[in-house]
Structures are given as structure tokens and as C-alpha cells.
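Dumped entry29.json below, it's JSON, C-alpha atoms:
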```json
[["chain", "number", "residue", "atom", "x", "y", "z"],
["A", 26, "MET", "CA", 119.05, 71.70, 111.56],
["A", 27, "ASN", "CA", 115.37, 71.04, 110.76],
["A", 28, "SER", "CA", 113.14, 70.71, 113.80],
["A", 29, "PRO", "CA", 110.69, 67.77, 113.91],
["A", 30, "ASP", "CA", 107.24, 68.42, 112.54],
["A", 31, "PRO", "CA", 104.90, 68.70, 115.56],
["A", 32, "GLY", "CA", 101.99, 67.60, 113.38],
["A", 33, "ALA", "CA", 103.65, 64.43, 112.12],
["A", 34, "ALA", "CA", 102.11, 61.18, 113.34],
["A", 35, "THR", "CA", 104.19, 58.96, 115.58],
["A", 36, "GLU", "CA", 105.09, 55.70, 113.87],
["A", 37, "VAL", "CA", 104.71, 52.28, 115.45],
["A", 38, "THR", "CA", 106.99, 49.42, 114.45],
["A", 39, "LEU", "CA", 105.76, 45.83, 114.47],
["A", 40, "SER", "CA", 106.40, 42.54, 112.71],
["A", 41, "VAL", "CA", 104.07, 41.03, 110.10],
["A", 42, "ASP", "CA", 104.98, 37.49, 109.03],
["A", 43, "GLY", "CA", 108.56, 38.14, 110.09],
["A", 44, "ARG", "CA", 108.80, 41.42, 108.18],
["A", 45, "GLU", "CA", 109.32, 44.62, 110.16],
["A", 46, "VAL", "CA", 106.92, 47.38, 109.18],
["A", 47, "ALA", "CA", 106.23, 50.90, 110.51],
["A", 48, "VAL", "CA", 102.79, 52.53, 110.35],
["A", 49, "PRO", "CA", 101.33, 55.67, 111.94],
["A", 50, "GLU", "CA", 100.07, 55.30, 115.50],
["A", 51, "GLY", "CA", 96.34, 54.63, 115.59],
["A", 52, "GLN", "CA", 96.34, 52.57, 112.40],
["A", 53, "THR", "CA", 95.03, 49.01, 112.41],
["A", 54, "ILE", "CA", 96.75, 45.69, 111.96],
["A", 55, "LEU", "CA", 95.05, 45.51, 108.57],
["A", 56, "ALA", "CA", 96.83, 48.71, 107.54],
["A", 57, "ALA", "CA", 100.10, 47.22, 108.73],
["A", 58, "CYS", "CA", 99.46, 44.07, 106.70],
["A", 59, "THR", "CA", 98.80, 46.19, 103.64],
["A", 60, "ALA", "CA", 102.00, 48.16, 104.24],
["A", 61, "ALA", "CA", 103.87, 44.85, 104.45],
["A", 62, "GLY", "CA", 102.43, 43.74, 101.13],
["A", 63, "VAL", "CA", 100.18, 41.10, 102.72],
["A", 64, "GLU", "CA", 96.72, 40.77, 101.21],
["A", 65, "THR", "CA", 94.11, 40.10, 103.89],
["A", 66, "PRO", "CA", 90.56, 38.87, 103.24],
["A", 67, "THR", "CA", 87.73, 41.11, 104.44],
["A", 68, "ILE", "CA", 83.96, 41.03, 104.09],
["A", 69, "CYS", "CA", 82.51, 43.49, 106.62],
["A", 70, "TRP", "CA", 85.35, 46.03, 106.25],
["A", 71, "ALA", "CA", 85.42, 48.87, 103.71],
["A", 72, "PRO", "CA", 87.74, 51.90, 103.50],
["A", 73, "ASN", "CA", 84.81, 54.32, 103.82],
["A", 74, "LEU", "CA", 82.99, 52.56, 106.69],
["A", 75, "THR", "CA", 83.57, 51.99, 110.40],
["A", 76, "PRO", "CA", 84.76, 48.42, 111.17],
["A", 77, "VAL", "CA", 82.06, 46.39, 112.92],
["A", 78, "ASN", "CA", 83.97, 43.12, 113.51],
["A", 79, "VAL", "CA", 81.23, 40.74, 112.44],
["A", 80, "CYS", "CA", 82.63, 38.57, 109.64],
["A", 81, "ARG", "CA", 85.86, 37.52, 111.45],
["A", 82, "VAL", "CA", 87.49, 36.48, 108.19],
["A", 83, "CYS", "CA", 90.36, 38.97, 108.65],
["A", 84, "VAL", "CA", 91.58, 37.44, 111.92],
["A", 85, "VAL", "CA", 95.32, 37.08, 112.48],
["A", 86, "GLU", "CA", 97.48, 35.44, 115.13],
["A", 87, "LEU", "CA", 99.03, 37.83, 117.63],
["A", 88, "GLU", "CA", 101.86, 36.49, 119.74],
["A", 89, "GLY", "CA", 100.79, 36.41, 123.39],
["A", 90, "SER", "CA", 97.06, 36.58, 122.61],
["A", 91, "ARG", "CA", 94.85, 33.65, 123.61],
["A", 92, "THR", "CA", 92.47, 34.26, 120.71],
["A", 93, "LEU", "CA", 92.84, 35.34, 117.11],
["A", 94, "VAL", "CA", 92.32, 39.10, 116.71],
["A", 95, "PRO", "CA", 90.44, 41.02, 114.00],
["A", 96, "ALA", "CA", 92.95, 42.85, 111.82],
["A", 97, "CYS", "CA", 90.39, 45.37, 110.54],
["A", 98, "SER", "CA", 89.85, 47.06, 113.91],
["A", 99, "ARG", "CA", 92.67, 46.13, 116.30],
["A", 100, "PRO", "CA", 95.03, 49.13, 116.63],
["A", 101, "VAL", "CA", 98.73, 48.45, 116.22],
["A", 102, "GLU", "CA", 101.07, 48.41, 119.19],
["A", 103, "ALA", "CA", 104.82, 48.63, 119.19],
["A", 104, "GLY", "CA", 106.53, 45.25, 119.07],
["A", 105, "MET", "CA", 103.52, 43.23, 117.96],
["A", 106, "GLN", "CA", 104.39, 39.89, 116.33],
["A", 107, "ILE", "CA", 101.68, 39.14, 113.76],
["A", 108, "SER", "CA", 101.19, 35.92, 111.80],
["A", 109, "THR", "CA", 98.70, 36.09, 108.93],
["A", 110, "ASP", "CA", 99.17, 32.67, 107.35],
["A", 111, "SER", "CA", 99.61, 30.22, 110.22],
["A", 112, "GLU", "CA", 97.62, 26.99, 110.20],
["A", 113, "ARG", "CA", 95.43, 28.36, 112.97],
["A", 114, "VAL", "CA", 94.59, 31.45, 110.92],
["A", 115, "ARG", "CA", 94.00, 29.48, 107.74],
["A", 116, "HIS", "CA", 91.72, 27.02, 109.56],
["A", 117, "SER", "CA", 89.66, 29.82, 111.10],
["A", 118, "ARG", "CA", 89.24, 31.67, 107.82],
["A", 119, "ARG", "CA", 88.34, 28.48, 105.98],
["A", 120, "MET", "CA", 85.64, 27.63, 108.53],
["A", 121, "VAL", "CA", 84.09, 31.12, 108.35],
["A", 122, "LEU", "CA", 83.95, 30.93, 104.56],
["A", 123, "GLU", "CA", 82.46, 27.44, 104.67],
["A", 124, "PHE", "CA", 79.76, 28.45, 107.14],
["A", 125, "LEU", "CA", 78.78, 31.42, 104.98],
["A", 126, "GLY", "CA", 78.73, 29.31, 101.85],
["A", 127, "SER", "CA", 76.68, 26.55, 103.48],
["A", 128, "ALA", "CA", 73.85, 28.95, 104.41],
["A", 129, "ASN", "CA", 73.88, 31.56, 101.64],
["A", 130, "ASP", "CA", 73.94, 31.86, 97.87],
["A", 131, "LEU", "CA", 77.39, 33.33, 97.18],
["A", 132, "SER", "CA", 77.27, 32.85, 93.41],
["A", 133, "GLN", "CA", 77.61, 36.60, 92.86],
["A", 134, "ALA", "CA", 80.17, 37.23, 95.61],
["A", 135, "SER", "CA", 83.29, 37.04, 93.45],
["A", 136, "GLU", "CA", 85.79, 38.16, 96.10],
["A", 137, "ILE", "CA", 84.45, 35.69, 98.66],
["A", 138, "ALA", "CA", 84.64, 32.96, 96.02],
["A", 139, "ASP", "CA", 88.26, 33.85, 95.31],
["A", 140, "TRP", "CA", 89.19, 33.62, 99.00],
["A", 141, "SER", "CA", 87.23, 30.38, 99.37],
["A", 142, "ARG", "CA", 89.32, 28.82, 96.63],
["A", 143, "HIS", "CA", 92.49, 30.23, 98.19],
["A", 144, "TYR", "CA", 91.77, 28.60, 101.56],
["A", 145, "GLY", "CA", 90.24, 25.42, 100.18],
["A", 146, "ALA", "CA", 86.84, 26.11, 101.70],
["A", 147, "ASP", "CA", 84.28, 23.44, 100.80],
["A", 148, "PRO", "CA", 80.75, 24.42, 101.90],
["A", 149, "ALA", "CA", 79.37, 21.42, 100.01],
["A", 150, "ARG", "CA", 80.63, 19.07, 102.70],
["A", 151, "TYR", "CA", 77.77, 20.33, 104.89],
["A", 152, "ASP", "CA", 75.11, 19.54, 102.29],
["A", 153, "ALA", "CA", 74.73, 15.81, 102.99],
["A", 154, "PRO", "CA", 72.65, 14.65, 105.98],
["A", 155, "CYS", "CA", 74.67, 13.24, 108.85],
["A", 156, "SER", "CA", 75.17, 9.56, 109.31],
["A", 157, "ASP", "CA", 72.83, 7.67, 111.63],
["A", 158, "ASP", "CA", 75.64, 5.25, 112.45],
["A", 159, "SER", "CA", 76.46, 6.10, 116.06],
["A", 160, "SER", "CA", 79.64, 4.08, 115.85],
["A", 161, "SER", "CA", 81.12, 6.47, 113.33],
["A", 162, "GLY", "CA", 79.84, 9.58, 115.08],
["A", 163, "PRO", "CA", 78.28, 12.66, 113.49],
["A", 164, "THR", "CA", 79.72, 14.00, 110.25],
["A", 165, "ALA", "CA", 80.41, 17.60, 109.37],
["A", 166, "GLY", "CA", 76.76, 18.62, 109.52],
["A", 167, "GLY", "CA", 76.48, 18.12, 113.28],
["A", 168, "GLU", "CA", 74.02, 15.78, 114.98],
["A", 169, "ALA", "CA", 73.01, 12.58, 113.19],
["A", 170, "GLY", "CA", 70.14, 12.95, 110.73],
["A", 171, "LEU", "CA", 70.21, 16.77, 110.55],
["A", 172, "GLU", "CA", 70.52, 18.64, 107.27],
["A", 173, "PRO", "CA", 72.06, 22.12, 107.03],
["A", 174, "GLU", "CA", 69.61, 24.98, 106.87],
["A", 175, "ARG", "CA", 69.88, 27.55, 104.09],
["A", 176, "VAL", "CA", 68.37, 31.01, 103.80],
["A", 177, "ASP", "CA", 65.52, 30.64, 101.34],
["A", 178, "GLU", "CA", 63.40, 33.74, 100.72],
["A", 179, "PRO", "CA", 61.97, 35.18, 97.49],
["A", 180, "VAL", "CA", 63.62, 38.24, 96.02],
["A", 181, "ARG", "CA", 61.94, 41.45, 97.17],
["A", 182, "ILE", "CA", 61.17, 43.79, 94.27],
["A", 183, "GLN", "CA", 59.27, 46.80, 95.57],
["A", 184, "ASP", "CA", 60.45, 49.55, 93.19],
["A", 185, "ASP", "CA", 62.38, 50.13, 89.97],
["A", 186, "LEU", "CA", 65.66, 51.15, 91.63],
["A", 187, "TYR", "CA", 67.04, 48.16, 93.53],
["A", 188, "ILE", "CA", 66.13, 44.71, 94.79],
["A", 189, "ARG", "CA", 66.76, 42.78, 98.02],
["A", 190, "ALA", "CA", 67.77, 39.11, 97.91],
["A", 191, "TYR", "CA", 68.13, 37.87, 101.48],
["A", 192, "ASP", "CA", 69.38, 34.44, 100.42],
["A", 193, "ARG", "CA", 72.62, 36.21, 99.41],
["A", 194, "CYS", "CA", 72.92, 38.36, 102.57],
["A", 195, "VAL", "CA", 75.78, 37.42, 104.92],
["A", 196, "LEU", "CA", 74.88, 40.07, 107.56],
["A", 197, "CYS", "CA", 78.10, 42.02, 107.07],
["A", 198, "TYR", "CA", 76.36, 45.19, 108.38],
["A", 199, "LYS", "CA", 77.89, 47.35, 105.62],
["A", 200, "CYS", "CA", 74.47, 48.52, 104.45],
["A", 201, "VAL", "CA", 73.44, 49.37, 108.01],
["A", 202, "GLU", "CA", 76.58, 51.45, 108.52],
["A", 203, "ALA", "CA", 76.17, 53.26, 105.19],
["A", 204, "CYS", "CA", 72.53, 54.06, 106.00],
["A", 205, "GLY", "CA", 73.49, 55.25, 109.48],
["A", 206, "ASP", "CA", 76.37, 57.21, 110.99],
["A", 207, "ASP", "CA", 78.93, 56.57, 108.25],
["A", 208, "ALA", "CA", 77.11, 58.20, 105.35],
["A", 209, "GLN", "CA", 73.41, 58.90, 105.04],
["A", 210, "HIS", "CA", 72.20, 59.29, 108.66],
["A", 211, "THR", "CA", 68.79, 58.00, 107.59],
["A", 212, "PHE", "CA", 68.79, 54.89, 109.81],
["A", 213, "ALA", "CA", 66.13, 53.25, 107.64],
["A", 214, "ILE", "CA", 67.46, 49.71, 108.15],
["A", 215, "ALA", "CA", 68.81, 47.58, 110.96],
["A", 216, "VAL", "CA", 69.26, 43.93, 111.89],
["A", 217, "ALA", "CA", 66.04, 42.34, 113.12],
["A", 218, "GLY", "CA", 65.54, 38.85, 114.51],
["A", 219, "ARG", "CA", 67.99, 36.51, 116.17],
["A", 220, "GLY", "CA", 70.26, 33.66, 115.23],
["A", 221, "PHE", "CA", 69.59, 32.09, 111.85],
["A", 222, "ASP", "CA", 66.46, 34.23, 111.42],
["A", 223, "ALA", "CA", 68.34, 37.55, 111.67],
["A", 224, "ARG", "CA", 67.76, 39.74, 108.61],
["A", 225, "ILE", "CA", 68.36, 43.31, 107.50],
["A", 226, "ARG", "CA", 64.94, 44.94, 107.77],
["A", 227, "THR", "CA", 63.19, 48.26, 107.60],
["A", 228, "GLU", "CA", 61.34, 49.35, 110.73],
["A", 229, "TYR", "CA", 58.48, 46.91, 111.36],
["A", 230, "ASP", "CA", 59.47, 45.29, 108.05],
["A", 231, "THR", "CA", 57.62, 48.03, 106.18],
["A", 232, "GLU", "CA", 57.81, 47.88, 102.40],
["A", 233, "LEU", "CA", 60.69, 49.94, 101.13],
["A", 234, "PRO", "CA", 58.71, 52.76, 99.42],
["A", 235, "GLU", "CA", 56.80, 53.38, 102.66],
["A", 236, "SER", "CA", 59.90, 53.24, 104.89],
["A", 237, "ALA", "CA", 62.35, 55.97, 105.85],
["A", 238, "CYS", "CA", 64.59, 55.00, 102.90],
["A", 239, "VAL", "CA", 65.62, 57.98, 100.75],
["A", 240, "TYR", "CA", 66.97, 55.78, 97.93],
["A", 241, "CYS", "CA", 70.52, 57.09, 98.05],
["A", 242, "GLY", "CA", 71.67, 53.59, 97.10],
["A", 243, "ASN", "CA", 74.70, 53.74, 99.40],
["A", 244, "CYS", "CA", 73.65, 50.39, 100.85],
["A", 245, "VAL", "CA", 73.69, 48.87, 97.35],
["A", 246, "ALA", "CA", 77.15, 50.28, 96.68],
["A", 247, "VAL", "CA", 78.77, 48.58, 99.68],
["A", 248, "CYS", "CA", 77.01, 45.19, 99.47],
["A", 249, "PRO", "CA", 79.64, 42.49, 98.76],
["A", 250, "THR", "CA", 77.32, 39.66, 97.72],
["A", 251, "GLY", "CA", 74.60, 41.06, 95.44],
["A", 252, "ALA", "CA", 71.98, 40.84, 98.18],
["A", 253, "LEU", "CA", 71.28, 44.49, 97.39],
["A", 254, "GLN", "CA", 71.44, 45.08, 93.67],
["A", 255, "PHE", "CA", 70.56, 47.68, 91.05],
["A", 256, "ARG", "CA", 67.30, 46.75, 89.33],
["A", 257, "THR", "CA", 69.02, 47.22, 85.97],
["A", 258, "GLU", "CA", 71.69, 44.67, 86.91],
["A", 259, "PHE", "CA", 69.12, 42.26, 88.32],
["A", 260, "ASP", "CA", 67.03, 42.39, 85.13],
["A", 261, "LEU", "CA", 70.05, 41.90, 82.88],
["A", 262, "ARG", "CA", 71.26, 38.96, 84.97],
["A", 263, "ALA", "CA", 67.81, 37.39, 84.72],
["A", 264, "VAL", "CA", 68.10, 37.18, 80.92],
["A", 265, "GLY", "CA", 71.80, 36.31, 80.91],
["A", 266, "GLU", "CA", 72.90, 39.69, 79.56],
["A", 267, "TRP", "CA", 74.92, 41.05, 82.49],
["A", 268, "ARG", "CA", 78.46, 41.22, 81.09],
["A", 269, "PRO", "CA", 80.87, 43.11, 83.39],
["A", 270, "ASP", "CA", 83.85, 42.28, 81.18],
["A", 271, "ASP", "CA", 82.21, 44.13, 78.29],
["A", 272, "GLN", "CA", 81.46, 47.24, 80.35],
["A", 273, "THR", "CA", 83.42, 50.47, 80.32],
["A", 274, "VAL", "CA", 83.64, 52.70, 83.39],
["A", 275, "THR", "CA", 83.89, 56.45, 82.86],
["A", 276, "ARG", "CA", 84.36, 58.96, 85.66],
["A", 277, "THR", "CA", 82.52, 62.25, 85.47],
["A", 278, "VAL", "CA", 81.09, 64.92, 87.79],
["A", 279, "CYS", "CA", 77.44, 64.90, 88.80],
["A", 280, "SER", "CA", 75.61, 67.87, 87.28],
["A", 281, "TYR", "CA", 72.59, 67.98, 89.58],
["A", 282, "CYS", "CA", 74.13, 70.39, 92.12],
["A", 283, "GLY", "CA", 77.39, 72.15, 92.90],
["A", 284, "VAL", "CA", 78.82, 69.73, 95.48],
["A", 285, "GLY", "CA", 81.09, 68.07, 92.93],
["A", 286, "CYS", "CA", 80.34, 64.38, 93.54],
["A", 287, "ASN", "CA", 82.21, 62.08, 91.19],
["A", 288, "LEU", "CA", 80.24, 59.45, 89.29],
["A", 289, "GLU", "CA", 81.46, 56.25, 87.67],
["A", 290, "LEU", "CA", 79.22, 55.41, 84.71],
["A", 291, "HIS", "CA", 79.12, 51.69, 83.95],
["A", 292, "VAL", "CA", 78.21, 51.37, 80.26],
["A", 293, "GLN", "CA", 77.28, 48.21, 78.39],
["A", 294, "ASP", "CA", 76.07, 48.17, 74.77],
["A", 295, "GLU", "CA", 76.19, 51.98, 74.73],
["A", 296, "ARG", "CA", 73.77, 52.22, 77.64],
["A", 297, "ILE", "CA", 74.38, 53.15, 81.28],
["A", 298, "VAL", "CA", 73.59, 50.11, 83.41],
["A", 299, "LYS", "CA", 74.53, 51.47, 86.84],
["A", 300, "VAL", "CA", 76.33, 54.35, 88.56],
["A", 301, "THR", "CA", 78.86, 54.08, 91.38],
["A", 302, "SER", "CA", 81.27, 56.52, 93.00],
["A", 303, "PRO", "CA", 84.98, 56.07, 93.87],
["A", 304, "ALA", "CA", 85.51, 55.28, 97.55],
["A", 305, "ASP", "CA", 88.71, 57.33, 97.64],
["A", 306, "HIS", "CA", 87.15, 60.56, 96.33],
["A", 307, "SER", "CA", 87.44, 63.40, 98.86],
["A", 308, "VAL", "CA", 83.91, 64.69, 98.22],
["A", 309, "THR", "CA", 81.83, 61.54, 98.04],
["A", 310, "ASN", "CA", 83.91, 58.82, 99.74],
["A", 311, "GLY", "CA", 81.91, 56.48, 97.56],
["A", 312, "HIS", "CA", 78.51, 57.78, 98.68],
["A", 313, "LEU", "CA", 75.86, 59.54, 96.57],
["A", 314, "CYS", "CA", 72.28, 60.80, 96.76],
["A", 315, "ILE", "CA", 69.30, 59.46, 94.81],
["A", 316, "LYS", "CA", 69.92, 61.85, 91.91],
["A", 317, "GLY", "CA", 73.55, 60.92, 91.43],
["A", 318, "ARG", "CA", 72.95, 57.19, 91.92],
["A", 319, "PHE", "CA", 69.74, 56.68, 89.97],
["A", 320, "GLY", "CA", 68.99, 59.88, 88.06],
["A", 321, "TRP", "CA", 70.54, 58.91, 84.73],
["A", 322, "GLU", "CA", 67.62, 57.44, 82.76],
["A", 323, "TYR", "CA", 67.13, 60.73, 80.92],
["A", 324, "VAL", "CA", 70.35, 60.04, 79.02],
["A", 325, "HIS", "CA", 68.56, 57.34, 77.04],
["A", 326, "ALA", "CA", 65.30, 59.22, 76.53],
["A", 327, "PRO", "CA", 64.19, 59.68, 72.90],
["A", 328, "ALA", "CA", 65.49, 62.86, 71.33],
["A", 329, "PHE", "CA", 63.01, 65.74, 71.44],
["A", 330, "GLU", "CA", 61.63, 66.67, 68.05],
["A", 331, "PRO", "CA", 59.91, 70.08, 67.93],
["A", 332, "PRO", "CA", 56.56, 70.12, 66.09],
["A", 333, "SER", "CA", 56.63, 71.19, 62.47],
["A", 334, "THR", "CA", 55.16, 74.52, 61.39],
["A", 335, "THR", "CA", 52.13, 72.75, 59.92],
["A", 336, "GLN", "CA", 51.50, 70.87, 63.14],
["A", 337, "ALA", "CA", 51.90, 74.03, 65.20],
["A", 338, "GLU", "CA", 49.26, 75.81, 63.09],
["A", 339, "HIS", "CA", 46.74, 73.05, 63.74]]
```
As C-alpha cells, what does this structure read like?
Amino acid sequence: MNSPDPGAATEVTLSVDGREVAVPEGQTILAACTAAGVETPTICWAPNLTPVNVCRVCVVELEGSRTLVPACSRPVEAGMQISTDSERVRHSRRMVLEFLGSANDLSQASEIADWSRHYGADPARYDAPCSDDSSSGPTAGGEAGLEPERVDEPVRIQDDLYIRAYDRCVLCYKCVEACGDDAQHTFAIAVAGRGFDARIRTEYDTELPESACVYCGNCVAVCPTGALQFRTEFDLRAVGEWRPDDQTVTRTVCSYCGVGCNLELHVQDERIVKVTSPADHSVTNGHLCIKGRFGWEYVHAPAFEPPSTTQAEH
């Protein structure tokens, strides 16, 4: 008889929307939802980053819990009864998506837009000023006469590699995590300010080229809204020539050193327009250095033509 594998993980059994599912101990409710075939919205979560629990769009209803719990970080426990599509969950997710959409430009956040349509989120209902009629009470915007505030800052273009558009930033913290303990360990950026004025900043709001940034671009890679964006993509979008559906993606191995990082070359009109890396690759986990991320312009340099014999003589 085969003896049990001492290294095998203990499985935990729980219920997700009435379906029994078993996942390894230490996994999250989100992992259990995935194992049960339930798609769960996330904004601040990524498979190669530590969950920070800031967007709250992944919340689920846990039987016996007073509040909704974040699926991305709550570890599973045996016997949990999880509901992912109750009216309470749907209402909470819809409100989060509406609040984000009422304050930020989410025109380039395709996944958030998809979930907003799924939950019937309508940020536009906050756009109109509130009624002054005290008999009817305040409308969705809050106190009578107040208009919703939106993030309105010019795009920051301080180099030729990537741009920062704070009107699209939803403070998901992904860039901060990628710059810090989860990938680069540069700690060039953090959240500065409070409340509505909170922004992702360099230290003392120094311009990017003078900051501690090493231009690995890992922050750009994890941004879900286009707040951080390749300069090439930004320029093509500006002239209406950014066409993701016409792009091919080819995986190759970076040739700058011997680490073996995998690159995904996004090619449009026979030109590389940006480089990413697969999040599930064992070497990179989606992260790269400045050479792998941005060091591809030489591919499109004019071919070298050696001088003719006559020219060499002169």
C-alpha cells in the first residue's frame, strides 16, 4: 500500500455558490472561486503581486460574517459557505465600480468596463448636480448643490519611455508593489497625500529622471487603467493608430544577458510597439529590467552600409 506523501498539501473543502470545492490549505477564497469555475472581478490583485485589499471589488458574502470579505486575500477555512453573486455582493461591487468611474477616466480600462456593464454600474448618475429641493432630498451626488469631483491633471511626459496620467489612476497600488518588495526593490514610488488628493508619487514629487526610478517598467506592466503607459502606445493613441486587434504577440528570450527572461513582442505594422513578459513564466514572473522592457529600438534602426572602397580611400 502506498504511504501518503508527507510533502502533499492538506486540502480544505468549502462551498462556493452551493458547489463543494477542495483547494490546498493556505489558498485564498479567490483561488477557491476559480477552482469552482466562478469568475471574480479584481482590480488591485495580480497573480505575481501580494494582495493589498484596496479596491474591494472582489468581496464575497461569507456565512456568519458581519461584513463582506475580500476574496483575493482571505485564506480558506474548512466548511466556509461562500456566496459570490448575492444581491448584497452585486450591490457592493456595483457601487465600487461607480465610485471609480465617477472620479476617474476609465476609457482605457477594458476589464473594468466589462465588469461595470456586467453589474449595471452607472457612474454618470453622479454627474448631475444635486437638487436644491429639500422636499425631495439629496440625489445620488450627496448634499444639495454639490457636483462630483473628478481627478483632472495633465499627463506627465518626462522621458521617452513611459507616461503618467493621474486622471486614470484608481490607486490600486499595483505599481507600488511591483516597484517594492514584489519585484524591483527600488521603492521609487509610494502613495502621497490623503483622501481625494492621494496620488502615486516619487519622493518629494521629483521628476522621474531625477528620482530613484530605474525604468524597469514593471509598474507599467501591472497598471490596469493606462495611467502608466508605454510612450509608444501613448503616441499611437494620440493619432488614433493604436490597434490592439491588429497586433501580433510573439514570445522570445531576451538576449541581453543569460538569465533567460521571456519577452512578448507586440508588433503592429511590422514594428514592435511594446514589450511585456508572461506573468506565469518561472524566470520573470512578468517582470523585466530596462533592457528587456525598453531596449528594442535597435531592431528598427537603419541597416548599416559599409563605406565603398572609393569612400574609404578619401
A:Asn129, A:Ala190, A:Cys80, A:Cys58 ranked by distance to Ala96 of chain A, top pick (using all atoms listed in the file):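 Ranking A:Asn129, A:Ala190, A:Cys80, A:Cys58 by distance to Ala96 of chain A, first place goes to A:Cys58.
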Determine, counting all atoms listed in the file, which protein, DNA and RNA residues have an atom within 10 Å of an atom of Asn78 of chain A; residues of the same chain fewer than 4 positions away are not included. Present the result as number ranges by chain. A: 68-70, 82-84, 94-99, 197-198
With all atoms listed in the file as the atoms that count, which of A:Val239, A:Gly265, A:Gly104, A:Asn73 lies nearest to Ser302 of chain A?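 Among the listed residues, A:Asn73 lies closest to Ser302 of chain A.
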Could you state the separation of atom CA of Arg262 of chain A and atom CA of Ile188 of chain A in Å, given to one decimal place?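 Between atom CA of Arg262 of chain A and atom CA of Ile188 of chain A the gap is 12.5 Å.
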Please measure the separation of atom CA of Cys241 of chain A and atom CA of Val284 of chain A, giving the value in Å to one decimal. 15.3 Å
